[in-house]
file query-v2.cif (mmCIF, C-alpha atoms)
data_final
loop_
_atom_site.label_atom_id
_atom_site.label_comp_id
_atom_site.auth_asym_id
_atom_site.auth_seq_id
_atom_site.Cartn_x
_atom_site.Cartn_y
_atom_site.Cartn_z
CA MET A 159 101.86 141.97 130.65
CA PRO A 160 100.72 139.68 127.77
CA LEU A 161 97.72 137.95 129.39
CA ILE A 162 94.89 139.92 131.03
CA LEU A 163 91.54 138.52 132.23
CA PHE A 164 88.41 140.71 131.97
CA SER A 165 84.91 139.33 132.53
CA GLY A 166 85.96 135.85 131.43
CA GLU A 167 87.68 136.95 128.23
CA VAL A 168 91.35 136.46 127.44
CA VAL A 169 93.19 139.31 125.71
CA LEU A 170 96.56 138.81 124.03
CA ARG A 171 98.68 141.81 123.06
CA HIS A 172 102.08 142.09 121.40
CA GLN A 173 104.01 145.27 122.22
CA GLY A 174 100.75 146.87 123.31
CA ASN A 175 98.86 145.97 120.11
CA LEU A 176 95.72 143.81 120.41
CA LYS A 177 96.26 140.44 118.66
CA MET A 178 93.62 138.07 120.06
CA VAL A 179 90.50 138.17 122.22
CA THR A 180 88.38 135.24 123.35
CA THR A 181 84.65 135.81 123.76
CA SER A 182 81.62 133.73 124.62
CA THR A 183 81.14 133.06 120.88
CA GLY A 184 84.71 132.34 119.78
CA ILE A 185 88.08 133.96 119.12
CA SER A 186 88.79 137.21 117.32
CA VAL A 187 92.26 137.59 115.77
CA THR A 188 93.84 140.78 114.45
CA GLY A 189 96.53 140.53 111.78
CA THR A 190 97.85 137.56 109.84
CA VAL A 191 97.18 134.00 110.96
CA SER A 192 99.99 131.79 109.72
CA ASP A 193 101.70 128.46 110.14
CA THR A 194 104.84 126.91 108.61
CA ASN A 195 103.20 127.01 105.14
CA GLY A 196 102.35 130.72 105.40
CA ASP A 197 99.07 132.65 105.70
CA VAL A 198 96.26 130.18 106.52
CA ARG A 199 93.79 132.31 104.53
CA SER A 200 95.60 131.57 101.26
CA ILE A 201 96.74 128.41 99.52
CA PRO A 202 100.45 128.43 98.61
CA LYS A 203 101.12 127.73 94.91
CA SER A 204 103.93 125.70 93.40
CA ALA A 205 104.17 126.02 89.59
CA LYS A 206 105.50 123.08 87.55
CA THR A 207 106.35 122.98 83.83
CA ALA A 208 107.66 119.39 83.68
CA ASN A 209 106.56 115.96 84.93
CA TYR A 210 106.36 116.00 88.71
CA THR A 211 105.95 113.65 91.70
CA LEU A 212 104.30 115.03 94.82
CA VAL A 213 106.51 115.36 97.91
CA ALA A 214 105.57 115.76 101.58
CA ALA A 215 106.18 119.52 101.43
CA ASP A 216 103.33 119.81 98.86
CA GLY A 217 100.75 119.04 101.57
CA GLY A 218 98.24 121.89 101.83
CA LYS A 219 99.47 123.49 98.60
CA CYS A 220 98.19 124.00 95.08
CA ILE A 221 100.33 122.49 92.33
CA THR A 222 99.83 124.18 88.95
CA MET A 223 100.89 122.20 85.89
CA ASN A 224 101.55 124.13 82.67
CA GLY A 225 102.72 122.24 79.60
CA SER A 226 101.70 119.68 77.01
CA GLY A 227 101.50 115.98 77.86
CA LEU A 228 102.62 116.34 81.47
CA THR A 229 102.28 113.71 84.20
CA LEU A 230 101.82 114.30 87.92
CA THR A 231 102.50 111.24 90.09
CA VAL A 232 100.68 110.71 93.39
CA PRO A 233 103.14 108.65 95.48
CA HIS A 234 102.76 106.00 98.17
CA ASN A 235 103.77 106.77 101.81
CA THR A 236 104.75 110.38 101.12
CA MET A 237 101.82 112.21 102.70
CA SER A 238 100.29 111.49 106.08
CA GLY A 239 96.57 110.98 106.55
CA GLN A 240 94.32 114.05 106.35
CA THR A 241 96.71 115.86 103.97
CA ALA A 242 95.28 117.50 100.86
CA VAL A 243 96.90 118.75 97.65
CA THR A 244 95.06 120.69 94.94
CA ILE A 245 96.12 120.24 91.32
CA ILE A 246 95.39 122.88 88.66
CA ASN A 247 95.90 122.12 84.98
CA HIS A 248 96.97 125.60 83.86
CA SER A 249 97.34 124.53 80.23
CA GLY A 250 95.29 123.83 77.13
CA SER A 251 96.26 120.11 77.12
CA ASP A 252 95.23 117.16 79.27
CA ILE A 253 97.60 116.00 82.01
CA THR A 254 97.86 112.51 83.46
CA ILE A 255 97.61 111.95 87.21
CA THR A 256 99.40 108.69 87.92
CA GLN A 257 98.65 106.41 90.86
CA ALA A 258 102.10 105.26 92.01
CA SER A 259 102.83 101.65 92.91
CA GLY A 260 101.57 100.80 96.42
CA LEU A 261 99.00 103.62 96.48
CA THR A 262 95.27 103.14 96.01
CA LEU A 263 93.82 106.33 94.52
CA TYR A 264 90.03 106.25 94.59
CA ASN A 265 88.03 108.47 92.25
CA ALA A 266 85.36 109.97 94.52
CA ALA A 267 82.86 110.02 91.63
CA ASP A 268 82.74 106.26 91.04
CA ALA A 269 85.19 104.53 93.46
CA ALA A 270 87.36 103.41 90.51
CA THR A 271 91.10 103.24 91.10
CA GLY A 272 94.04 103.89 88.82
CA ASN A 273 95.42 106.73 86.75
CA ARG A 274 93.25 109.75 85.96
CA THR A 275 93.19 112.39 83.24
CA LEU A 276 92.75 116.04 84.17
CA ALA A 277 91.35 118.02 81.25
CA ALA A 278 92.68 121.36 80.08
CA ARG A 279 92.00 124.04 82.72
CA GLY A 280 90.71 121.34 85.09
CA MET A 281 91.10 121.31 88.87
CA ALA A 282 91.29 118.36 91.26
CA THR A 283 92.05 117.72 94.91
CA VAL A 284 93.80 114.66 96.30
CA TRP A 285 93.07 113.89 99.95
CA TYR A 286 95.18 111.27 101.72
CA HIS A 287 93.33 108.91 104.05
CA GLY A 288 96.69 107.40 104.99
CA GLY A 289 100.04 106.74 103.37
CA SER A 290 98.69 104.09 100.98
CA THR A 291 95.14 105.34 100.33
CA ALA A 292 93.97 108.61 98.79
CA TYR A 293 90.84 110.06 97.19
CA ILE A 294 90.63 112.37 94.19
CA SER A 295 87.78 114.52 92.90
CA GLY A 296 87.47 117.55 90.70
CA ALA A 297 86.25 119.29 87.57
CA GLY A 298 87.54 117.91 84.28
CA LEU A 299 88.65 114.67 85.94
CA SER A 300 88.13 111.37 84.13
#
call {"tool": "encode", "arguments": {"input": "query-v2.cif", "output": "structure tokens"}}
result
Amino acid sequence: MPLILFSGEVVLRHQGNLKMVTTSTGISVTGTVSDTNGDVRSIPKSAKTANYTLVAADGGKCITMNGSGLTLTVPHNTMSGQTAVTIINHSGSDITITQASGLTLYNAADAATGNRTLAARGMATVWYHGGSTAYISGAGLS
């Protein structure tokens, strides 16, 4: 019997093991909480050592770039609105973050658009407002 009501709470068990309980203050979950990208308490990493263009599957992930003179391209109409991608420059050299044709990439610090430079060991997040508009902010971003 997977669903049992006690005093207004909902209890969910799997093979007799408690997995979820609702209370007057929220939900308590036991075990791993995951979706199609994996554990929601961690950010999946995708390591790159060459120039790279973001793809839809990168949504919600961290892209690490390691190499000299690399370019990461932020494309138009690849991500849906409300999708975020974190970029880590895991090298001692700057990387270029390129605004692809058709995309407006706003720098959250000054509303400027265009390509950005991410300094050595810098970190930035791109958040898509929609397919043709995104915002970027971070440490070491110019």
call {"tool": "residues_near_point", "arguments": {"input": "query-v2.cif", "point": "(91.5, 105.6, 92.1)", "cutoff": "12 Å", "atoms": "only C-alpha atoms", "output": "JSON, numbers by chain"}}
result
{"A": [232, 255, 256, 257, 258, 260, 261, 262, 263, 264, 265, 266, 267, 268, 269, 270, 271, 272, 273, 274, 275, 284, 285, 286, 290, 291, 292, 293, 294, 295, 299, 300]}
call {"tool": "resolve_selection", "arguments": {"input": "query-v2.cif", "expression": "the PyMOL selection byres ((chain A and resi 220) around 7)", "output": "PyMOL selection string"}}
result
chain A and resi 201-204+219+221-222+243-245
call {"tool": "closest_residue", "arguments": {"input": "query-v2.cif", "among": "A:Val179, A:Val187, A:Gly288, A:Gln173", "to": "Ser238 (chain A)", "atoms": "all atoms listed in the file"}}
result
A:Gly288
call {"tool": "resolve_selection", "arguments": {"input": "query-v2.cif", "expression": "the PyMOL selection byres ((chain A and resi 227) around 9)", "output": "PyMOL selection string"}}
result
chain A and resi 209+225-226+228-229+251-254
call {"tool": "closest_residue", "arguments": {"input": "query-v2.cif", "among": "A:Ala242, A:Ala205, A:Met237, A:Leu176", "to": "Asn224 (chain A)", "atoms": "all atoms listed in the file"}}
result
A:Ala205
call {"tool": "atom_distance", "arguments": {"input": "query-v2.cif", "atom1": "CA of Thr188 (chain A)", "atom2": "CA of Gly217 (chain A)"}}
result
26.2 Å
call {"tool": "resolve_selection", "arguments": {"input": "query-v2.cif", "expression": "the PyMOL selection byres ((chain A and resi 278) around 8)", "output": "list in words"}}
result
Asn247, His248, Ser249, Gly250, Ser251, Asp252, Ile253, Leu276, Ala277, Arg279, Gly280 and Gly298 of chain A
call {"tool": "atom_distance", "arguments": {"input": "query-v2.cif", "atom1": "CA of Thr207 (chain A)", "atom2": "CA of His234 (chain A)"}}
result
22.5 Å
call {"tool": "closest_residue", "arguments": {"input": "query-v2.cif", "among": "A:Asn235, A:Thr241, A:Ser192, A:Ser200", "to": "Gly218 (chain A)", "atoms": "only C-alpha atoms"}}
result
A:Thr241
call {"tool": "closest_residue", "arguments": {"input": "query-v2.cif", "among": "A:Val191, A:Leu170, A:Val213, A:Ile185", "to": "Leu230 (chain A)", "atoms": "only C-alpha atoms"}}
result
A:Val213
call {"tool": "closest_residue", "arguments": {"input": "query-v2.cif", "among": "A:Thr231, A:Ser186, A:Thr194, A:Thr181", "to": "Tyr210 (chain A)", "atoms": "all atoms listed in the file"}}
result
A:Thr231
call {"tool": "atom_distance", "arguments": {"input": "query-v2.cif", "atom1": "CA of Pro233 (chain A)", "atom2": "CA of Leu212 (chain A)"}}
result
6.5 Å
call {"tool": "residues_around", "arguments": {"input": "query-v2.cif", "residues": "Ser182 (chain A)", "least_positions_apart": "2", "cutoff": "8 Å", "atoms": "all atoms listed in the file", "output": "PyMOL selection string"}}
result
chain A and resi 167+180+184
call {"tool": "axis_aligned_box", "arguments": {"input": "query-v2.cif", "around": "region 198-217 of chain A", "padding_each_side": "8 Å", "output": "lines of an AutoDock Vina configuration file"}}
result
center_x = 100.7
center_y = 123.0
center_z = 95.1
size_x = 29.9
size_y = 34.7
size_z = 38.8
call {"tool": "build_atoms", "arguments": {"input": "query-v2.cif", "residues": "region 262-287 of chain A", "atoms": "N, CA and C atoms", "output": "mmCIF file, keeping the file's coordinate frame"}}
result
data_model
loop_
_atom_site.group_PDB
_atom_site.id
_atom_site.type_symbol
_atom_site.label_atom_id
_atom_site.label_comp_id
_atom_site.auth_asym_id
_atom_site.auth_seq_id
_atom_site.Cartn_x
_atom_site.Cartn_y
_atom_site.Cartn_z
ATOM 1 N N THR A 262 96.598 103.298 96.581
ATOM 2 C CA THR A 262 95.270 103.140 96.010
ATOM 3 C C THR A 262 94.649 104.525 95.954
ATOM 4 N N LEU A 263 94.404 105.007 94.743
ATOM 5 C CA LEU A 263 93.820 106.330 94.520
ATOM 6 C C LEU A 263 92.394 106.142 94.030
ATOM 7 N N TYR A 264 91.437 106.413 94.922
ATOM 8 C CA TYR A 264 90.030 106.250 94.590
ATOM 9 C C TYR A 264 89.478 107.520 93.953
ATOM 10 N N ASN A 265 88.763 107.356 92.837
ATOM 11 C CA ASN A 265 88.030 108.470 92.250
ATOM 12 C C ASN A 265 86.737 108.614 93.050
ATOM 13 N N ALA A 266 86.526 109.763 93.673
ATOM 14 C CA ALA A 266 85.360 109.970 94.520
ATOM 15 C C ALA A 266 84.043 109.882 93.744
ATOM 16 N N ALA A 267 84.084 110.058 92.425
ATOM 17 C CA ALA A 267 82.860 110.020 91.630
ATOM 18 C C ALA A 267 82.313 108.611 91.445
ATOM 19 N N ASP A 268 83.220 107.602 91.349
ATOM 20 C CA ASP A 268 82.740 106.260 91.040
ATOM 21 C C ASP A 268 83.495 105.140 91.766
ATOM 22 N N ALA A 269 84.395 105.474 92.673
ATOM 23 C CA ALA A 269 85.190 104.530 93.460
ATOM 24 C C ALA A 269 86.196 103.736 92.624
ATOM 25 N N ALA A 270 86.359 104.074 91.352
ATOM 26 C CA ALA A 270 87.360 103.410 90.510
ATOM 27 C C ALA A 270 88.754 103.815 90.982
ATOM 28 N N THR A 271 89.723 102.940 90.755
ATOM 29 C CA THR A 271 91.100 103.240 91.100
ATOM 30 C C THR A 271 91.935 103.297 89.825
ATOM 31 N N GLY A 272 93.140 103.843 89.966
ATOM 32 C CA GLY A 272 94.040 103.890 88.820
ATOM 33 C C GLY A 272 94.337 105.320 88.401
ATOM 34 N N ASN A 273 95.029 105.421 87.267
ATOM 35 C CA ASN A 273 95.420 106.730 86.750
ATOM 36 C C ASN A 273 94.206 107.526 86.308
ATOM 37 N N ARG A 274 94.326 108.831 86.345
ATOM 38 C CA ARG A 274 93.250 109.750 85.960
ATOM 39 C C ARG A 274 93.781 110.720 84.907
ATOM 40 N N THR A 275 92.869 111.321 84.181
ATOM 41 C CA THR A 275 93.190 112.390 83.240
ATOM 42 C C THR A 275 92.524 113.657 83.741
ATOM 43 N N LEU A 276 93.302 114.738 83.789
ATOM 44 C CA LEU A 276 92.750 116.040 84.170
ATOM 45 C C LEU A 276 92.733 116.896 82.911
ATOM 46 N N ALA A 277 91.536 117.272 82.495
ATOM 47 C CA ALA A 277 91.350 118.020 81.250
ATOM 48 C C ALA A 277 91.984 119.406 81.333
ATOM 49 N N ALA A 278 92.162 120.001 80.165
ATOM 50 C CA ALA A 278 92.680 121.360 80.080
ATOM 51 C C ALA A 278 91.878 122.276 80.994
ATOM 52 N N ARG A 279 92.587 123.078 81.771
ATOM 53 C CA ARG A 279 92.000 124.040 82.720
ATOM 54 C C ARG A 279 91.211 123.371 83.832
ATOM 55 N N GLY A 280 91.407 122.076 84.038
ATOM 56 C CA GLY A 280 90.710 121.340 85.090
ATOM 57 C C GLY A 280 91.366 121.549 86.451
ATOM 58 N N MET A 281 90.638 121.149 87.488
ATOM 59 C CA MET A 281 91.100 121.310 88.870
ATOM 60 C C MET A 281 90.673 120.093 89.672
ATOM 61 N N ALA A 282 91.609 119.537 90.448
ATOM 62 C CA ALA A 282 91.290 118.360 91.260
ATOM 63 C C ALA A 282 91.986 118.472 92.609
ATOM 64 N N THR A 283 91.434 117.793 93.584
ATOM 65 C CA THR A 283 92.050 117.720 94.910
ATOM 66 C C THR A 283 92.263 116.267 95.273
ATOM 67 N N VAL A 284 93.468 115.980 95.788
ATOM 68 C CA VAL A 284 93.800 114.660 96.300
ATOM 69 C C VAL A 284 93.835 114.783 97.821
ATOM 70 N N TRP A 285 93.085 113.911 98.490
ATOM 71 C CA TRP A 285 93.070 113.890 99.950
ATOM 72 C C TRP A 285 93.549 112.522 100.401
ATOM 73 N N TYR A 286 94.597 112.520 101.221
ATOM 74 C CA TYR A 286 95.180 111.270 101.720
ATOM 75 C C TYR A 286 94.444 110.788 102.955
ATOM 76 N N HIS A 287 93.929 109.555 102.882
ATOM 77 C CA HIS A 287 93.330 108.910 104.050
ATOM 78 C C HIS A 287 94.431 108.348 104.932
#
